[in-house]
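In what follows, a single structure is set out as structure tokens and then discussed.
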Protein chains: 2
Amino acid sequence: VSGFGIFTRPGGAAASVGWCAGDHVVDLAAAGLGTWAEQASLDTLMAGGNALWDEAIAGAHALEAGGDHRVPLDEVQLAVPFTVADYVDFYSSVEHATNLGRLFRPGSEPLLPNWRWLPVGYHGRAGTVVVSGTDVVRPSGQSKPPDADVPTFGPSRRLDVELELGFVVGVPSRLGEPVPVASFADHVFGVLLVNDWSARDLQAWEYQPLGPFLGKSFATSISAWVTPLALLEEARVAAPPQDPMPLSYLADGRDWALDLELEVELNGVAVSRTNARQLYWTMPQQLAHATSNGASIRTGDLMASGTISGRERGSEGSLIELTRNGAEPLRLPDGSARTFLEDADEVVLRGRASNDVELGEVRGKILPAR
Amino acid sequence: VSGFGIFTRPGGAAASVGWCAGDHVVDLAAAGLGTWAEQASLDTLMAGGNALWDEAIAGAHALEAGGDHRVPLDEVQLAVPFTVADYVDFYSSVEHATNLGRLFRPGSEPLLPNWRWLPVGYHGRAGTVVVSGTDVVRPSGQSKPPDADVPTFGPSRRLDVELELGFVVGVPSRLGEPVPVASFADHVFGVLLVNDWSARDLQAWEYQPLGPFLGKSFATSISAWVTPLALLEEARVAAPPQDPMPLSYLADGRDWALDLELEVELNGVAVSRTNARQLYWTMPQQLAHATSNGASIRTGDLMASGTISGRERGSEGSLIELTRNGAEPLRLPDGSARTFLEDADEVVLRGRASNDVELGEVRGKILPAR
């Protein structure tokens with residue numbers, strides 16, 4: 001794993017910036033890399049812009065090679081690595097949007113008319129973003145099966161994962177000033193994996209007409225490590241063609257797909273393998289769209305891709321897709337079957353770019369409803 | 001107006017906490033009310049809980065009566081009074097939801113099946129909440145008239161206001177622990193008026209299936225003054241009956257409607273008059289629902305009612321309703337007509353409770369698209 005994060009040494013020292021290097025953390029504050037390294041979040045580093053980012057990466061690499069200031073990864077505590085400002089979740093995989101359209105709106109066209117014209121997205125809850133390793137309590141809420149007359153309140157019975165790739169804003173913009181696709185890498189610090197846990201039964205009942213709310217807001221898990229964009233330069237590839245041609249403010253930014261192998265692991269077994277490169281909308285397009293109305297961005301804005309699903313069986317990034325809405329349960333090696341998550345299940349998301357840069361994992365275990 | 005806010009005296013002094021008293025601000029930091037008063041936001045005061053809130057109100061009232069530490073309101077600069085954590089927007093007026101359902105989904109049942117079972121809501125953009133008095137640049141974006149083949153990008157032609165009542169969280173909760181309706185006043189510091197500006201043409205094209213995004217995220221204006229709940233105790237009334245009876249976690253909290261006269265002023269003319277007391281879902285129900293899945297709340301979480309509309313003509317809280325989707329333009333005294341907002345239009349929201357406590361106004365002028 002290559003990335004910046006926030007860690008605490010054993011014994012209650014102050015949290016500070018670390019660089020993840022395999023099974024060790026390089027202590028960048030102790031190494032004297034700068035005041036940005038002495039903070040309890042990446043905010044100062046992220047707000048510093050490209051010159052500081054390059055300097056920080058060079059410093060971290062030099063220390064990694066030198067072998068000093070190392071702390072074993074299994075001795076440290078990790079934290080949400082930056083102050084999450086706003087959290088936006090997109091819906092940028094055409095395979096996922098098509099699969100979910102079929103399940104949520106059977107009998108009608110799965111892809112809505114706007115989908116190929118703009119990266120559909122919505123705001124999620126920033127306050128419930130948690131770091132990898134945090135247990136997730138099964139949420140309760142209202143749901144109404146299609147054949148029931150009235151809804152009931154209780155623990156979700158359709159708790160799901162969503163495999164996503166997020167990017168985080170470093171350099172803010174001013175209100176009223178859109179960020180064009182070409183400015184993407186001047187504002188965005190890096191990427192990280194995101195598990196946008198979803199209670200499908202809550203979501204299905206609540207989501208019309210204003211979108212997902214409690215079906216998603218109970219927890220969103222992110223990696224403890226943010227991988228700077230610069231480290232993924234060699235994994236950049238052309239995104240697949242778009243049809244129709246997007247409007248001019250979204251016409252560029254197609255050279256920003258990432259060749260990034262992704263995996264969903266459930267109780268130690270890989271249940272999905274896919275790649276981020278096939279996403280229909282790229283990150284620069286997502287950012288340009290989100291600011292096209294003049295909305296400003298802040299340091300710590302987290303924007304995630306939406307579930308990443310491929311075309312083949314076994315490449316879907318959520319259980320609702322992998323199991324065809326529960327109709328085709330997954331068989332696990334221990335002989336058990338899964339449609340949705342059961343208590344004590346543990347999910348891990350992993351990602352590795354084609355240039356061998358590994359992203360930080362996202363791990364989460366389900367605790368019973370309270 | 002009675003409320004706490006953040007102000008800066010002329011000459012570049014540090015921002016600190018003030019108490020609005022008519023046309024003056026009482027300088028609570030200069031009066032030595034406490035370190036919470038010396039901050040550049042209300043966050044410390046708000047996080048302090050009921051004992052501190054009572055103390056602060058008593059102190060402010062005593063100073064107001066004494067006449068010391070006063071600064072004329074027109075000499076100070078005002079700011080967003082607290083760090084907006086997450087912004088949630090509900091949809092709690094049955095009249096508004098019915099009106100909009102008719103306009104956005106003609107030919108089908110205006111109120112969706114979930115509406116009477118739960119307070120429908122979604123997350124908005126916290127980073128673009130601005131203080132009253134901030135100009136609003138007309139947003140641009142994608143829209144597609146029903147008779148067009150493809151969408152186009154340009155300045156919104158259907159820019160609207162939404163008259164809303166918001167509440168702001170003071171005391172946070174822990175992840176996984178719902179806040180029951182009975183705990184509302186232990187967590188919530190106060191209320192304020194909110195103008196949730198809406199670009200109807202952008203919204204109509206983008207909002208399916210994940211809800212409003214760019215049609216709302218360009219700006220949300222809030223009052224500079226937060227009125228503590230305790231000051232509205234005598235304006236509390238019973239909310240109208242609910243049918244069906246809500247599920248048990250939403251069954252109480254009906255004694256929290258506010259008898260609060262509201263007004264939308266456009267270019268100096270009142271174009272809508274309504275009252276917050278007829279909202280179908282109350283604030284304690286909104287908060288209980290938003291946390292029923294275990295989602296935590298933070299100091300500075302802003303939750304707004306959704307547009308407040310009454311039953312009578314002229315009591316609708318948005319132009320799309322007041323003008324029947326533009327079919328019946330408003331006639332203004334200068335002879336001009338309005339369907340939606342034009343450049344240079346100025347909107348002011350006002351509110352006065354039945355115990356004569358006035359809320360801070362929300363003022364905003366439209367600047368031309370860039």
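By order of appearance in the structure tokens: chains A, B, ..., then residues from 1 within every chain, and ligands from 1 in the order shown.
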
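Residues of range 110-176 of chain A assigned to strand (DSSP E) by DSSP on this structure's backbone: Gly121, Tyr122, His123, Gly124, Val129, Val130, Val131, Val136, Val137, Ser140, Gly141, Gln142, Ser143, Thr152, Phe153, Gly154, Pro155, Leu159, Asp160, Leu163, Glu164, Leu165, Gly166, Phe167, Val168 and Val169 of chain A.
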
Inset, instruction - Pull out every residue of chain B that has at least one atom within 6 Å of chain A, counting only C-alpha atoms, and report them as a count of residues only. - result: 13

Legend entry - Contact residues around range 47-50 of chain A with only C-alpha atoms at 12 Å, ignoring same-chain residues under 3 positions, as JSON, numbers by chain: {"A": [34, 35, 36, 37, 41, 42, 43, 44, 53, 54, 55, 56, 57, 82, 83, 168, 169, 170, 171, 172, 173, 183, 184, 185, 186, 187, 188, 189, 190, 228, 229, 230, 297, 298, 299, 300, 301]}

Legend entry - Selection: 7 Å around Ser92 in chain A, only C-alpha atoms, excl. self and same-chain fewer than 4 positions, as a list of chain:residue names: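 Here the answer would be A:Pro119, A:Leu279, A:Tyr280, A:Trp281, A:Ser305, A:Gly306.
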
Would you mind exporting the chosen residues as an mmCIF file, in the first residue's frame, restricted to N, CA, C and O atoms?
```cif
data_model
loop_
_atom_site.group_PDB
_atom_site.id
_atom_site.type_symbol
_atom_site.label_atom_id
_atom_site.label_comp_id
_atom_site.auth_asym_id
_atom_site.auth_seq_id
_atom_site.Cartn_x
_atom_site.Cartn_y
_atom_site.Cartn_z
ATOM 1 N N PRO A 119 -23.245 12.692 -15.150
ATOM 2 C CA PRO A 119 -22.950 11.748 -14.073
ATOM 3 C C PRO A 119 -23.939 11.955 -12.923
ATOM 4 O O PRO A 119 -23.803 12.893 -12.139
ATOM 5 N N LEU A 279 -15.470 2.355 -15.850
ATOM 6 C CA LEU A 279 -16.496 3.328 -15.433
ATOM 7 C C LEU A 279 -16.856 4.253 -16.596
ATOM 8 O O LEU A 279 -15.972 4.740 -17.304
ATOM 9 N N TYR A 280 -18.153 4.513 -16.754
ATOM 10 C CA TYR A 280 -18.625 5.324 -17.886
ATOM 11 C C TYR A 280 -18.217 6.786 -17.719
ATOM 12 O O TYR A 280 -17.813 7.448 -18.669
ATOM 13 N N TRP A 281 -18.369 7.311 -16.512
ATOM 14 C CA TRP A 281 -17.990 8.703 -16.234
ATOM 15 C C TRP A 281 -16.679 8.714 -15.461
ATOM 16 O O TRP A 281 -16.506 7.954 -14.507
ATOM 17 N N SER A 305 -17.374 7.007 -6.747
ATOM 18 C CA SER A 305 -17.789 6.633 -8.103
ATOM 19 C C SER A 305 -19.199 6.077 -8.186
ATOM 20 O O SER A 305 -19.815 6.102 -9.239
ATOM 21 N N GLY A 306 -19.716 5.577 -7.067
ATOM 22 C CA GLY A 306 -20.850 4.652 -7.138
ATOM 23 C C GLY A 306 -20.297 3.244 -7.342
ATOM 24 O O GLY A 306 -19.113 3.065 -7.681
#
```

Just list the residues in range 1-89 of chain B DSSP gives alpha helix (DSSP H) on the backbone, as a PDB file with all heavy atoms, in the first residue's frame.
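Result file follows (states.pdb):
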```
ATOM      1  N   ASP B  43     -20.230  27.267  17.626  1.00  0.00           N
ATOM      2  CA  ASP B  43     -20.039  25.835  17.868  1.00  0.00           C
ATOM      3  C   ASP B  43     -19.857  25.500  19.353  1.00  0.00           C
ATOM      4  O   ASP B  43     -20.442  24.544  19.860  1.00  0.00           O
ATOM      5  CB  ASP B  43     -18.835  25.300  17.082  1.00  0.00           C
ATOM      6  CG  ASP B  43     -18.991  25.488  15.570  1.00  0.00           C
ATOM      7  OD1 ASP B  43     -20.025  26.016  15.130  1.00  0.00           O
ATOM      8  OD2 ASP B  43     -18.066  25.116  14.835  1.00  0.00           O
ATOM      9  N   THR B  44     -19.027  26.268  20.041  1.00  0.00           N
ATOM     10  CA  THR B  44     -18.757  25.969  21.458  1.00  0.00           C
ATOM     11  C   THR B  44     -20.015  26.153  22.296  1.00  0.00           C
ATOM     12  O   THR B  44     -20.339  25.312  23.135  1.00  0.00           O
ATOM     13  CB  THR B  44     -17.631  26.885  21.982  1.00  0.00           C
ATOM     14  OG1 THR B  44     -16.511  26.788  21.116  1.00  0.00           O
ATOM     15  CG2 THR B  44     -17.219  26.498  23.399  1.00  0.00           C
ATOM     16  N   LEU B  45     -20.705  27.248  22.073  1.00  0.00           N
ATOM     17  CA  LEU B  45     -21.973  27.471  22.778  1.00  0.00           C
ATOM     18  C   LEU B  45     -22.960  26.346  22.478  1.00  0.00           C
ATOM     19  O   LEU B  45     -23.585  25.788  23.390  1.00  0.00           O
ATOM     20  CB  LEU B  45     -22.562  28.827  22.359  1.00  0.00           C
ATOM     21  CG  LEU B  45     -23.995  29.120  22.814  1.00  0.00           C
ATOM     22  CD1 LEU B  45     -24.101  29.128  24.337  1.00  0.00           C
ATOM     23  CD2 LEU B  45     -24.484  30.455  22.236  1.00  0.00           C
ATOM     24  N   MET B  46     -23.091  26.018  21.230  1.00  0.00           N
ATOM     25  CA  MET B  46     -24.092  25.027  20.824  1.00  0.00           C
ATOM     26  C   MET B  46     -23.783  23.659  21.410  1.00  0.00           C
ATOM     27  O   MET B  46     -24.689  22.920  21.784  1.00  0.00           O
ATOM     28  CB  MET B  46     -24.168  24.945  19.296  1.00  0.00           C
ATOM     29  CG  MET B  46     -24.621  26.270  18.655  1.00  0.00           C
ATOM     30  SD  MET B  46     -25.261  26.096  16.956  1.00  0.00           S
ATOM     31  CE  MET B  46     -24.061  25.021  16.239  1.00  0.00           C
ATOM     32  N   ALA B  47     -22.492  23.318  21.490  1.00  0.00           N
ATOM     33  CA  ALA B  47     -22.113  21.997  22.011  1.00  0.00           C
ATOM     34  C   ALA B  47     -22.280  21.911  23.524  1.00  0.00           C
ATOM     35  O   ALA B  47     -22.239  20.826  24.099  1.00  0.00           O
ATOM     36  CB  ALA B  47     -20.666  21.680  21.625  1.00  0.00           C
ATOM     37  N   ASN B  50     -27.981  22.291  27.407  1.00  0.00           N
ATOM     38  CA  ASN B  50     -29.032  23.136  27.966  1.00  0.00           C
ATOM     39  C   ASN B  50     -28.600  24.084  29.086  1.00  0.00           C
ATOM     40  O   ASN B  50     -29.061  25.226  29.144  1.00  0.00           O
ATOM     41  CB  ASN B  50     -30.182  22.259  28.458  1.00  0.00           C
ATOM     42  CG  ASN B  50     -31.246  22.106  27.392  1.00  0.00           C
ATOM     43  OD1 ASN B  50     -31.752  23.104  26.890  1.00  0.00           O
ATOM     44  ND2 ASN B  50     -31.559  20.881  27.015  1.00  0.00           N
ATOM     45  N   ALA B  51     -27.732  23.633  29.984  1.00  0.00           N
ATOM     46  CA  ALA B  51     -27.328  24.487  31.105  1.00  0.00           C
ATOM     47  C   ALA B  51     -26.605  25.729  30.568  1.00  0.00           C
ATOM     48  O   ALA B  51     -26.901  26.869  30.968  1.00  0.00           O
ATOM     49  CB  ALA B  51     -26.440  23.711  32.068  1.00  0.00           C
ATOM     50  N   LEU B  52     -25.681  25.516  29.645  1.00  0.00           N
ATOM     51  CA  LEU B  52     -24.954  26.654  29.073  1.00  0.00           C
ATOM     52  C   LEU B  52     -25.886  27.535  28.246  1.00  0.00           C
ATOM     53  O   LEU B  52     -25.777  28.770  28.266  1.00  0.00           O
ATOM     54  CB  LEU B  52     -23.781  26.156  28.219  1.00  0.00           C
ATOM     55  CG  LEU B  52     -22.923  27.261  27.583  1.00  0.00           C
ATOM     56  CD1 LEU B  52     -22.286  28.160  28.636  1.00  0.00           C
ATOM     57  CD2 LEU B  52     -21.837  26.671  26.678  1.00  0.00           C
ATOM     58  N   TRP B  53     -26.815  26.902  27.513  1.00  0.00           N
ATOM     59  CA  TRP B  53     -27.745  27.688  26.700  1.00  0.00           C
ATOM     60  C   TRP B  53     -28.583  28.611  27.591  1.00  0.00           C
ATOM     61  O   TRP B  53     -28.780  29.789  27.268  1.00  0.00           O
ATOM     62  CB  TRP B  53     -28.657  26.774  25.874  1.00  0.00           C
ATOM     63  CG  TRP B  53     -27.904  25.813  24.989  1.00  0.00           C
ATOM     64  CD1 TRP B  53     -26.595  25.924  24.582  1.00  0.00           C
ATOM     65  CD2 TRP B  53     -28.400  24.595  24.416  1.00  0.00           C
ATOM     66  NE1 TRP B  53     -26.258  24.846  23.795  1.00  0.00           N
ATOM     67  CE2 TRP B  53     -27.334  24.013  23.670  1.00  0.00           C
ATOM     68  CE3 TRP B  53     -29.626  23.936  24.445  1.00  0.00           C
ATOM     69  CZ2 TRP B  53     -27.477  22.817  22.966  1.00  0.00           C
ATOM     70  CZ3 TRP B  53     -29.771  22.739  23.747  1.00  0.00           C
ATOM     71  CH2 TRP B  53     -28.712  22.186  23.019  1.00  0.00           C
ATOM     72  N   ASP B  54     -29.064  28.073  28.712  1.00  0.00           N
ATOM     73  CA  ASP B  54     -29.871  28.889  29.629  1.00  0.00           C
ATOM     74  C   ASP B  54     -29.051  30.053  30.181  1.00  0.00           C
ATOM     75  O   ASP B  54     -29.530  31.188  30.264  1.00  0.00           O
ATOM     76  CB  ASP B  54     -30.390  28.026  30.790  1.00  0.00           C
ATOM     77  CG  ASP B  54     -31.476  27.059  30.332  1.00  0.00           C
ATOM     78  OD1 ASP B  54     -31.983  27.224  29.198  1.00  0.00           O
ATOM     79  OD2 ASP B  54     -31.802  26.129  31.099  1.00  0.00           O
ATOM     80  N   GLU B  55     -27.828  29.751  30.550  1.00  0.00           N
ATOM     81  CA  GLU B  55     -26.931  30.772  31.088  1.00  0.00           C
ATOM     82  C   GLU B  55     -26.672  31.863  30.037  1.00  0.00           C
ATOM     83  O   GLU B  55     -26.693  33.061  30.346  1.00  0.00           O
ATOM     84  CB  GLU B  55     -25.632  30.065  31.479  1.00  0.00           C
ATOM     85  CG  GLU B  55     -24.612  30.898  32.201  1.00  0.00           C
ATOM     86  CD  GLU B  55     -23.284  30.114  32.298  1.00  0.00           C
ATOM     87  OE1 GLU B  55     -23.315  28.923  32.700  1.00  0.00           O
ATOM     88  OE2 GLU B  55     -22.245  30.692  31.935  1.00  0.00           O
ATOM     89  N   ALA B  56     -26.439  31.441  28.805  1.00  0.00           N
ATOM     90  CA  ALA B  56     -26.138  32.398  27.734  1.00  0.00           C
ATOM     91  C   ALA B  56     -27.346  33.287  27.446  1.00  0.00           C
ATOM     92  O   ALA B  56     -27.207  34.506  27.245  1.00  0.00           O
ATOM     93  CB  ALA B  56     -25.712  31.644  26.474  1.00  0.00           C
ATOM     94  N   ILE B  57     -28.533  32.686  27.442  1.00  0.00           N
ATOM     95  CA  ILE B  57     -29.742  33.471  27.171  1.00  0.00           C
ATOM     96  C   ILE B  57     -29.968  34.474  28.300  1.00  0.00           C
ATOM     97  O   ILE B  57     -30.262  35.657  28.048  1.00  0.00           O
ATOM     98  CB  ILE B  57     -30.966  32.535  27.020  1.00  0.00           C
ATOM     99  CG1 ILE B  57     -30.818  31.672  25.758  1.00  0.00           C
ATOM    100  CG2 ILE B  57     -32.259  33.345  26.965  1.00  0.00           C
ATOM    101  CD1 ILE B  57     -31.805  30.513  25.695  1.00  0.00           C
ATOM    102  N   ALA B  58     -29.809  34.024  29.541  1.00  0.00           N
ATOM    103  CA  ALA B  58     -29.990  34.928  30.684  1.00  0.00           C
ATOM    104  C   ALA B  58     -28.994  36.082  30.601  1.00  0.00           C
ATOM    105  O   ALA B  58     -29.348  37.254  30.804  1.00  0.00           O
ATOM    106  CB  ALA B  58     -29.818  34.152  31.992  1.00  0.00           C
ATOM    107  N   GLY B  59     -27.746  35.758  30.275  1.00  0.00           N
ATOM    108  CA  GLY B  59     -26.721  36.795  30.154  1.00  0.00           C
ATOM    109  C   GLY B  59     -27.048  37.792  29.057  1.00  0.00           C
ATOM    110  O   GLY B  59     -26.911  39.013  29.232  1.00  0.00           O
ATOM    111  N   ALA B  60     -27.484  37.270  27.914  1.00  0.00           N
ATOM    112  CA  ALA B  60     -27.803  38.142  26.785  1.00  0.00           C
ATOM    113  C   ALA B  60     -28.986  39.046  27.120  1.00  0.00           C
ATOM    114  O   ALA B  60     -28.976  40.250  26.815  1.00  0.00           O
ATOM    115  CB  ALA B  60     -28.106  37.295  25.546  1.00  0.00           C
ATOM    116  N   HIS B  61     -30.001  38.485  27.755  1.00  0.00           N
ATOM    117  CA  HIS B  61     -31.170  39.283  28.125  1.00  0.00           C
ATOM    118  C   HIS B  61     -30.804  40.380  29.114  1.00  0.00           C
ATOM    119  O   HIS B  61     -31.273  41.519  29.000  1.00  0.00           O
ATOM    120  CB  HIS B  61     -32.265  38.379  28.711  1.00  0.00           C
ATOM    121  CG  HIS B  61     -33.109  37.725  27.661  1.00  0.00           C
ATOM    122  ND1 HIS B  61     -33.803  36.555  27.874  1.00  0.00           N
ATOM    123  CD2 HIS B  61     -33.366  38.075  26.370  1.00  0.00           C
ATOM    124  CE1 HIS B  61     -34.455  36.217  26.766  1.00  0.00           C
ATOM    125  NE2 HIS B  61     -34.198  37.127  25.842  1.00  0.00           N
ATOM    126  N   ALA B  62     -29.962  40.053  30.086  1.00  0.00           N
ATOM    127  CA  ALA B  62     -29.549  41.056  31.079  1.00  0.00           C
ATOM    128  C   ALA B  62     -28.788  42.190  30.398  1.00  0.00           C
ATOM    129  O   ALA B  62     -29.023  43.374  30.677  1.00  0.00           O
ATOM    130  CB  ALA B  62     -28.692  40.386  32.156  1.00  0.00           C
ATOM    131  N   LEU B  63     -27.890  41.836  29.492  1.00  0.00           N
ATOM    132  CA  LEU B  63     -27.112  42.861  28.785  1.00  0.00           C
ATOM    133  C   LEU B  63     -28.015  43.707  27.891  1.00  0.00           C
ATOM    134  O   LEU B  63     -27.845  44.928  27.782  1.00  0.00           O
ATOM    135  CB  LEU B  63     -26.021  42.203  27.944  1.00  0.00           C
ATOM    136  CG  LEU B  63     -24.833  41.649  28.737  1.00  0.00           C
ATOM    137  CD1 LEU B  63     -24.028  40.689  27.880  1.00  0.00           C
ATOM    138  CD2 LEU B  63     -23.953  42.794  29.241  1.00  0.00           C
ATOM    139  N   GLU B  64     -28.976  43.047  27.253  1.00  0.00           N
ATOM    140  CA  GLU B  64     -29.901  43.765  26.373  1.00  0.00           C
ATOM    141  C   GLU B  64     -30.669  44.812  27.185  1.00  0.00           C
ATOM    142  O   GLU B  64     -30.830  45.961  26.753  1.00  0.00           O
ATOM    143  CB  GLU B  64     -30.874  42.767  25.730  1.00  0.00           C
ATOM    144  CG  GLU B  64     -31.844  43.402  24.748  1.00  0.00           C
ATOM    145  CD  GLU B  64     -32.788  42.381  24.105  1.00  0.00           C
ATOM    146  OE1 GLU B  64     -32.548  41.158  24.242  1.00  0.00           O
ATOM    147  OE2 GLU B  64     -33.764  42.816  23.472  1.00  0.00           O
ATOM    148  N   ALA B  65     -31.134  44.422  28.379  1.00  0.00           N
ATOM    149  CA  ALA B  65     -31.877  45.341  29.240  1.00  0.00           C
ATOM    150  C   ALA B  65     -30.975  46.465  29.729  1.00  0.00           C
ATOM    151  O   ALA B  65     -31.403  47.626  29.854  1.00  0.00           O
ATOM    152  CB  ALA B  65     -32.466  44.570  30.427  1.00  0.00           C
ATOM    153  N   GLY B  66     -29.707  46.134  30.003  1.00  0.00           N
ATOM    154  CA  GLY B  66     -28.778  47.133  30.529  1.00  0.00           C
ATOM    155  C   GLY B  66     -28.343  48.172  29.521  1.00  0.00           C
ATOM    156  O   GLY B  66     -28.027  49.317  29.871  1.00  0.00           O
TER     157      GLY B  66
END
```
